Amino acid sequence: METNTATEQSVTNPAMQWFVLRVASNREDQVRDALERKVKIENLGEIIGRVLVPRERVKRVKAGQQKVSEHKLYPGYVFVEMVLNKDGTIKEKAHYLFHETQGVGDFIGQKNKPEPISEKEQEKILAEAEKPDAGPAVKVEFSKGDAVKIKEGPFENFEGTVDEIFPDKGVVRVIVTIFGRATPLELEYWQLEKVQ
């Protein structure tokens, strides 16, 4: 998970809330880094707290080979912890900081009056951003009971039903009818596709 070096040193103001900032696609990390640098340089830690780009690490298994990749959970958005003026507008120093940073759009909400995210959303985002790195999860897009078609291997083009998923191995057990009998097959998830 990404940590925020510049803002960790600032004193967190209990009046701070979380807001969603629209940014240029694929510029989330650069915007976060630039904002953290500017907050530190301009000593705005009392106005702007943490700046997050939540990610997840995903492990994919294909032909027995494991590949780990990182994905942004909310592409095109950066989460900013900050305090507003009493009338709900962005403080002037913060306003200039955001608008002078390349790749920054507007906050979600009304012009110059961003809407804070709900406490439930805040807890979810913080849990995702701050969870200990227990290793990447295997991404399996199937659920028990899904109708699937085998797209590769000796049983190519056979259709069946997902019986069990083993995410740690990237394997899915599928029940397929072969010669009139229900037969369980354990296949790697990439060998399957959902049937519409």
# chains A, B, ... in the order shown; residues from 1 in each chain; ligands from 1
$ residues_around --residues "Glu193 in chain A" --least-positions-apart "5" --cutoff "7 Å" --atoms "only C-alpha atoms" --output "ChimeraX atom specification"
/A:148-151
$ write_last_selection --atoms "N, CA and C atoms" --output "PDB file, in the first residue's frame"
ATOM      1  N   VAL A 148     -20.134 -21.816 -16.898  1.00  0.00           N
ATOM      2  CA  VAL A 148     -18.869 -21.485 -17.558  1.00  0.00           C
ATOM      3  C   VAL A 148     -18.619 -22.400 -18.752  1.00  0.00           C
ATOM      4  N   LYS A 149     -17.756 -21.924 -19.617  1.00  0.00           N
ATOM      5  CA  LYS A 149     -17.329 -22.696 -20.789  1.00  0.00           C
ATOM      6  C   LYS A 149     -15.810 -22.827 -20.708  1.00  0.00           C
ATOM      7  N   ILE A 150     -15.309 -23.985 -20.986  1.00  0.00           N
ATOM      8  CA  ILE A 150     -13.861 -24.207 -20.976  1.00  0.00           C
ATOM      9  C   ILE A 150     -13.319 -23.727 -22.316  1.00  0.00           C
ATOM     10  N   LYS A 151     -12.353 -22.813 -22.267  1.00  0.00           N
ATOM     11  CA  LYS A 151     -11.857 -22.217 -23.506  1.00  0.00           C
ATOM     12  C   LYS A 151     -10.479 -22.717 -23.910  1.00  0.00           C
TER      13      LYS A 151
END
$ select_by_dssp --residues "range 70-132 of chain A" --states "helix (DSSP H, G or I)" --output "list of chain:residue names"
A:Glu92, A:Lys93, A:Ala94, A:His95, A:Tyr96, A:Leu97, A:Phe98, A:His99, A:Glu119, A:Lys120, A:Glu121, A:Gln122, A:Glu123, A:Lys124, A:Ile125, A:Leu126, A:Ala127, A:Glu128, A:Ala129, A:Glu130
$ select_by_dssp --residues "range 10-139 of chain A" --states "strand (DSSP E or B)" --output "PyMOL selection string"
chain A and resi 17-23+48-52+55-62+65-72+77-82+104-107+109-110+113-114+116+137-138
$ closest_residue --among "A:Gly145, A:Pro184, A:Pro114, A:Gly170" --to "Gln17 in chain A" --atoms "only C-alpha atoms"
A:Pro114
$ atom_distance --atom1 "CA of Glu186 in chain A" --atom2 "CA of Asn157 in chain A"
15.3 Å
$ closest_residue --among "A:Tyr74, A:Trp18, A:Phe155, A:Phe107" --to "Glu128 in chain A" --atoms "only C-alpha atoms"
A:Tyr74
$ residues_around --residues "Thr183 in chain A" --least-positions-apart "2" --cutoff "12 Å" --atoms "only C-alpha atoms" --output "count of residues only"
18
$ closest_residue --among "A:Ser25, A:Glu119, A:Glu70, A:Ala15" --to "Asn85 in chain A" --atoms "only C-alpha atoms"
A:Ala15
$ closest_residue --among "A:Val23, A:Leu187, A:Val53, A:Val68" --to "Pro154 in chain A" --atoms "only C-alpha atoms"
A:Leu187
$ atom_distance --atom1 "CA of Phe166 in chain A" --atom2 "CA of Asp146 in chain A"
14.7 Å
$ closest_residue --among "A:Glu46, A:Lys113, A:Thr89, A:Tyr77" --to "Asn26 in chain A" --atoms "only C-alpha atoms"
A:Tyr77
$ residues_around --residues "Val78 in chain A" --least-positions-apart "3" --cutoff "12 Å" --atoms "only C-alpha atoms" --output "number ranges by chain"
A: 18-36, 50-55, 72-75, 81, 98, 103-108, 125, 129
$ write_last_selection --atoms "N, CA and C atoms" --output "short mmCIF file (atom, residue, chain, number, x, y, z; two decimals), in the first residue's frame"
data_model
loop_
_atom_site.label_atom_id
_atom_site.label_comp_id
_atom_site.auth_asym_id
_atom_site.auth_seq_id
_atom_site.Cartn_x
_atom_site.Cartn_y
_atom_site.Cartn_z
N TRP A 18 -12.65 13.76 4.64
CA TRP A 18 -12.11 13.22 3.40
C TRP A 18 -12.94 13.68 2.22
N PHE A 19 -12.23 14.03 1.13
CA PHE A 19 -12.86 14.51 -0.08
C PHE A 19 -12.26 13.78 -1.28
N VAL A 20 -13.03 13.72 -2.36
CA VAL A 20 -12.59 13.03 -3.58
C VAL A 20 -12.21 14.07 -4.62
N LEU A 21 -10.97 14.00 -5.08
CA LEU A 21 -10.43 14.93 -6.07
C LEU A 21 -10.29 14.22 -7.41
N ARG A 22 -10.92 14.80 -8.44
CA ARG A 22 -10.76 14.24 -9.80
C ARG A 22 -9.39 14.65 -10.33
N VAL A 23 -8.69 13.69 -10.93
CA VAL A 23 -7.38 13.98 -11.50
C VAL A 23 -7.30 13.35 -12.89
N ALA A 24 -6.31 13.77 -13.65
CA ALA A 24 -6.10 13.21 -14.99
C ALA A 24 -5.81 11.72 -14.87
N SER A 25 -6.36 10.95 -15.77
CA SER A 25 -6.18 9.51 -15.77
C SER A 25 -4.69 9.16 -15.86
N ASN A 26 -4.30 8.19 -15.10
CA ASN A 26 -2.92 7.70 -15.01
C ASN A 26 -1.95 8.73 -14.43
N ARG A 27 -2.47 9.78 -13.78
CA ARG A 27 -1.62 10.79 -13.15
C ARG A 27 -1.81 10.79 -11.63
N GLU A 28 -2.54 9.82 -11.09
CA GLU A 28 -2.89 9.80 -9.68
C GLU A 28 -1.65 9.87 -8.78
N ASP A 29 -0.64 9.06 -9.08
CA ASP A 29 0.56 9.04 -8.24
C ASP A 29 1.34 10.35 -8.32
N GLN A 30 1.47 10.91 -9.53
CA GLN A 30 2.18 12.17 -9.67
C GLN A 30 1.46 13.30 -8.93
N VAL A 31 0.13 13.31 -9.02
CA VAL A 31 -0.65 14.34 -8.31
C VAL A 31 -0.47 14.17 -6.81
N ARG A 32 -0.58 12.94 -6.31
CA ARG A 32 -0.39 12.70 -4.88
C ARG A 32 0.98 13.18 -4.42
N ASP A 33 2.02 12.79 -5.15
CA ASP A 33 3.38 13.18 -4.78
C ASP A 33 3.56 14.70 -4.80
N ALA A 34 3.02 15.34 -5.84
CA ALA A 34 3.14 16.80 -5.94
C ALA A 34 2.41 17.49 -4.80
N LEU A 35 1.21 17.04 -4.48
CA LEU A 35 0.45 17.65 -3.38
C LEU A 35 1.17 17.47 -2.05
N GLU A 36 1.69 16.28 -1.80
CA GLU A 36 2.41 16.04 -0.54
C GLU A 36 3.63 16.94 -0.42
N ARG A 50 -3.69 13.74 4.98
CA ARG A 50 -3.22 12.66 4.11
C ARG A 50 -3.79 12.79 2.69
N VAL A 51 -3.01 12.27 1.75
CA VAL A 51 -3.42 12.21 0.34
C VAL A 51 -3.21 10.76 -0.09
N LEU A 52 -4.28 10.09 -0.51
CA LEU A 52 -4.20 8.65 -0.78
C LEU A 52 -4.62 8.29 -2.20
N VAL A 53 -3.94 7.25 -2.72
CA VAL A 53 -4.32 6.59 -3.96
C VAL A 53 -4.43 5.11 -3.59
N PRO A 54 -5.60 4.64 -3.13
CA PRO A 54 -5.74 3.23 -2.71
C PRO A 54 -5.47 2.26 -3.85
N ARG A 55 -4.78 1.17 -3.52
CA ARG A 55 -4.40 0.15 -4.50
C ARG A 55 -4.69 -1.23 -3.94
N LYS A 72 -5.02 0.37 -9.31
CA LYS A 72 -5.64 1.45 -8.55
C LYS A 72 -7.11 1.08 -8.37
N LEU A 73 -7.59 1.21 -7.15
CA LEU A 73 -8.98 0.87 -6.88
C LEU A 73 -9.94 1.91 -7.45
N TYR A 74 -9.50 3.16 -7.54
CA TYR A 74 -10.36 4.24 -8.03
C TYR A 74 -9.59 5.06 -9.07
N PRO A 75 -9.43 4.54 -10.29
CA PRO A 75 -8.68 5.29 -11.31
C PRO A 75 -9.31 6.65 -11.57
N GLU A 81 -7.54 14.42 2.61
CA GLU A 81 -8.05 14.75 3.94
C GLU A 81 -7.74 16.22 4.18
N PHE A 98 -4.18 23.36 -5.01
CA PHE A 98 -4.80 22.39 -5.91
C PHE A 98 -4.80 22.89 -7.35
N GLY A 103 -2.54 18.33 -13.59
CA GLY A 103 -3.29 17.08 -13.59
C GLY A 103 -4.48 17.08 -12.65
N VAL A 104 -4.68 18.16 -11.88
CA VAL A 104 -5.77 18.22 -10.91
C VAL A 104 -7.01 18.81 -11.57
N GLY A 105 -8.16 18.15 -11.31
CA GLY A 105 -9.45 18.66 -11.77
C GLY A 105 -10.16 19.31 -10.60
N ASP A 106 -11.41 19.01 -10.42
CA ASP A 106 -12.20 19.57 -9.34
C ASP A 106 -12.53 18.50 -8.31
N PHE A 107 -12.95 18.95 -7.14
CA PHE A 107 -13.45 18.02 -6.13
C PHE A 107 -14.88 17.64 -6.49
N ILE A 108 -15.30 16.47 -6.06
CA ILE A 108 -16.69 16.08 -6.24
C ILE A 108 -17.53 16.93 -5.30
N ILE A 125 -12.41 3.09 2.42
CA ILE A 125 -11.21 3.56 1.71
C ILE A 125 -9.97 3.46 2.61
N ALA A 129 -6.64 1.25 2.03
CA ALA A 129 -5.34 1.93 1.89
C ALA A 129 -4.37 1.55 3.00
#
$ closest_residue --among "A:Met16, A:Val171, A:Ile90, A:Ala147" --to "Gln196 in chain A" --atoms "only C-alpha atoms"
A:Ala147
$ atom_distance --atom1 "CA of Gly49 in chain A" --atom2 "CA of Asn112 in chain A"
18.3 Å
